Amino acid sequence: MSPNAPETEVANLYDTILILDFGSQFSHLIARRIRELGIYCELFACTIKLSELKFKPKGVILSGSPYSVYDKDAPHVDPALWNLGVPVLGICYGLQELAYTRGGKVEASDHREYGHAIISILEDSVLFEGLPKEFSVWMSHADQLTALPTGFKKLAQTSTAPFAAAENLQERVWGIQFHPEVTHTTHGTAIISNFVSRICGAQKGSWTMATFIEKEVERIRGIVGETAQVIGAVSGGVDSTVAACLMTKAIGDRFHAVLVDNGVMRLNECEQVKQILGEKLGINLIVADASELFLSRLKGVEDPEKKRKIIGNTFVEVFDSKSAEIEAQVEQEGKGKIEFLLQGTLYPDVIESVSFKGPSATIKTHHNVGGLTENMKLKLIEPLRELFKDEVRELGAIMNLDEELIWRHPFPGPGIAIRVLGEVTKEQVAIARLADYIYIEEIKKAGLYRQISQAYAALLPVRSVGVMGDGRTYDQIISLRAVQTKDFMTAEAFEFPYDVLKRIMNRIINEVKGVNRVMYDVSSKPPATIELV
């Protein structure tokens, strides 16, 4: 069975809502709200030909957009949408799109609406069932609908938007000018729920991680077959661990997990991963110790982008070499061939790649095992491809993974190498590694770890004068970073109790040789990023 066959699509296993993205910054939030209702959904670029879909949705939502529908280069939906025979909801630009393409009038507004507005519901509609006649909504538009297409009825208005909501019951089309997906809209989730559940008939609660495990295991078995072998890289993070557990549950020892020790992992990390994955979870784990190779190639390199490329290329080389060894052994034992590569891709990565605006300009190169499939002629298998991070964590909890692993903070693929600003050496890595270990240990002792989305210690490429004992020192500086965020697109620095920061500072300076100063980074994202480089 091909991994791309329609019968292997997750969307065919559940009631699925299709979201067509016109480039809105909020599109991913539409998907989040629907998933939170226990209903499955998938997002595609608005330019997709609906004939290419491998499933039939229960309903379709058109997102907002930074464009104007009357612009020459404005994106428009495939006209086949109107013959699909399912309910359609247009949000903001989506309302203007469905109206404009059906004979309505859209014009630049004299009173642009950005922020809160009070909407007045004028007519009964299942879309607003159970809601008050007036409530606060979030607007973000410069254009507005000024004349409805034939067959549409006005449902609501604001003080500046005469058609804040409209419907065509006969054609089962609805449109709203505001954004129900953002938390600023009161009753926004209820509106989305009314559409996907009451109007589209999607079953609430049908999408759960408990049902996903059962269906995904069967789907993996159907894709891989009875003899094929699968290989995949693991790091000890929640994503790769959950993916490895699913694969092991589905095909047992025919899955080969490879941990590449690149010499820039956290303190004692390789030993912990071997113990948790290999001994406790029973995953068929192979460790490739290439720490000396990685560090030798990083010698003299200070540019962070070059570090990433060196680590990424070396990782591919080491993984490829270890894969060849495993494949030779498997074939020698007559156990079949390695035909699939496991990757722990998550749905936000998919959304970024399929969104109308496409992937944003490259800020930094992300380290993953992309490219291995081409080099190794393997078919890709991605059991977490349809999941958000919180869903992966929920899945891990159902699979009885340790809570500490489930809630582990993200760690970059290039590891401590990009947290050592300047040249990466064994000595510099040891300093950053120990400082980071102390930092995280104290955060956990203070009971703050789960309140923080990501925390780490970085070693800065500067030295400062200090006084320790009776002598002056000229040593290095550790920068501490801790942020809170829901989506990692924006973030705020965590506000530590001062006594905790002071305790962390004391321990790092006293226990980490070569450090005489500790600083705390309070920058928000944007303008800063979460990692320093």
# chains A, B, ... in the order shown; residues from 1 in each chain; ligands from 1
$ select_by_dssp --residues "segment 33-223 of chain A" --states "strand (DSSP E or B)" --output "MDAnalysis selection string"
chainID A and resid 40:45 59:62 88:91 105:121 134:147 153:157 165:168 173:176
$ residues_around --residues "Val224 of chain A" --least-positions-apart "5" --cutoff "12 Å" --atoms "only C-alpha atoms" --output "number ranges by chain"
A: 1-3, 8, 216-219, 229-231, 247, 250-252, 254-255, 336-342, 378-383
$ residues_around --residues "Ser63 of chain A" --least-positions-apart "6" --cutoff "10 Å" --atoms "only C-alpha atoms" --output "count of residues only"
24
$ residues_around --residues "Ala290 of chain A" --least-positions-apart "2" --cutoff "9 Å" --atoms "only C-alpha atoms" --output "ChimeraX atom specification"
/A:260-263,288,292-295,315,318
$ residues_around --residues "Val137 of chain A" --least-positions-apart "2" --cutoff "8 Å" --atoms "only C-alpha atoms" --output "ChimeraX atom specification"
/A:116-119,135,139,178-180,184-186,188
$ select_by_dssp --residues "segment 56-264 of chain A" --states "alpha helix (DSSP H)" --output "PyMOL selection string"
chain A and resi 93-100+188-193+209-224+238-251
$ atom_distance --atom1 "atom CA of Gln332 of chain A" --atom2 "atom CA of Asn313 of chain A"
28.7 Å
$ residues_around --residues "Pro57 of chain A" --least-positions-apart "4" --cutoff "8 Å" --atoms "only C-alpha atoms" --output "list in words"
Asp15, Thr16, Ile17, Leu18 and Val86 of chain A
$ atom_distance --atom1 "atom CA of Val512 of chain A" --atom2 "atom CA of Glu403 of chain A"
28.8 Å
$ closest_residue --among "A:Tyr456, A:Phe319, A:Tyr347, A:Tyr70" --to "Ala432 of chain A" --atoms "only C-alpha atoms"
A:Tyr456
$ residues_around --residues "segment 433-444 of chain A" --least-positions-apart "4" --cutoff "7 Å" --atoms "only C-alpha atoms" --output "list of chain:residue names"
A:Arg266, A:Leu267, A:Val429, A:Leu448, A:Tyr449, A:Tyr456, A:Ala457, A:Ile504, A:Ile508, A:Val512
$ write_last_selection --atoms "N, CA and C atoms" --output "compact mmCIF listing (two decimals), in the first residue's frame"
# COMPACT_ATOMS: atom_id res chain seq x y z
N ARG A 266 22.92 17.77 25.46
CA ARG A 266 22.90 18.21 26.86
C ARG A 266 23.64 17.21 27.75
N LEU A 267 23.90 17.63 29.00
CA LEU A 267 24.66 16.81 29.93
C LEU A 267 23.98 15.46 30.16
N VAL A 429 31.94 23.86 25.05
CA VAL A 429 30.72 23.05 25.16
C VAL A 429 30.51 22.63 26.61
N LEU A 448 8.97 25.77 38.49
CA LEU A 448 8.63 26.72 37.43
C LEU A 448 8.73 26.13 36.02
N TYR A 449 9.23 24.90 35.90
CA TYR A 449 9.55 24.35 34.58
C TYR A 449 8.34 24.33 33.65
N TYR A 456 17.17 28.08 28.44
CA TYR A 456 18.51 27.56 28.17
C TYR A 456 19.56 28.58 28.61
N ALA A 457 20.78 28.11 28.72
CA ALA A 457 21.93 28.97 29.01
C ALA A 457 22.83 29.00 27.79
N ILE A 504 20.37 30.79 40.96
CA ILE A 504 20.93 30.25 39.71
C ILE A 504 22.29 30.90 39.43
N ILE A 508 25.95 28.92 39.18
CA ILE A 508 26.71 28.89 37.93
C ILE A 508 28.11 29.47 38.14
N VAL A 512 30.74 26.54 37.74
CA VAL A 512 31.20 26.45 36.34
C VAL A 512 32.50 27.23 36.20
$ closest_residue --among "A:Gln451, A:Gln484, A:Phe496, A:Val238" --to "Ile406 of chain A" --atoms "only C-alpha atoms"
A:Val238
$ closest_residue --among "A:Thr473, A:Thr146, A:Thr211, A:Gln343" --to "Gln96 of chain A" --atoms "only C-alpha atoms"
A:Thr146
$ closest_residue --among "A:Trp82, A:Phe494, A:Trp174, A:Phe212" --to "Cys200 of chain A" --atoms "only C-alpha atoms"
A:Trp174
$ closest_residue --among "A:Pro412, A:Pro79, A:Gly447, A:Pro348" --to "Val264 of chain A" --atoms "only C-alpha atoms"
A:Pro412
$ closest_residue --among "A:Lys389, A:Gly396, A:Glu269, A:Ala11" --to "Lys54 of chain A" --atoms "only C-alpha atoms"
A:Ala11
$ atom_distance --atom1 "atom CA of Leu145 of chain A" --atom2 "atom CA of Val106 of chain A"
4.5 Å
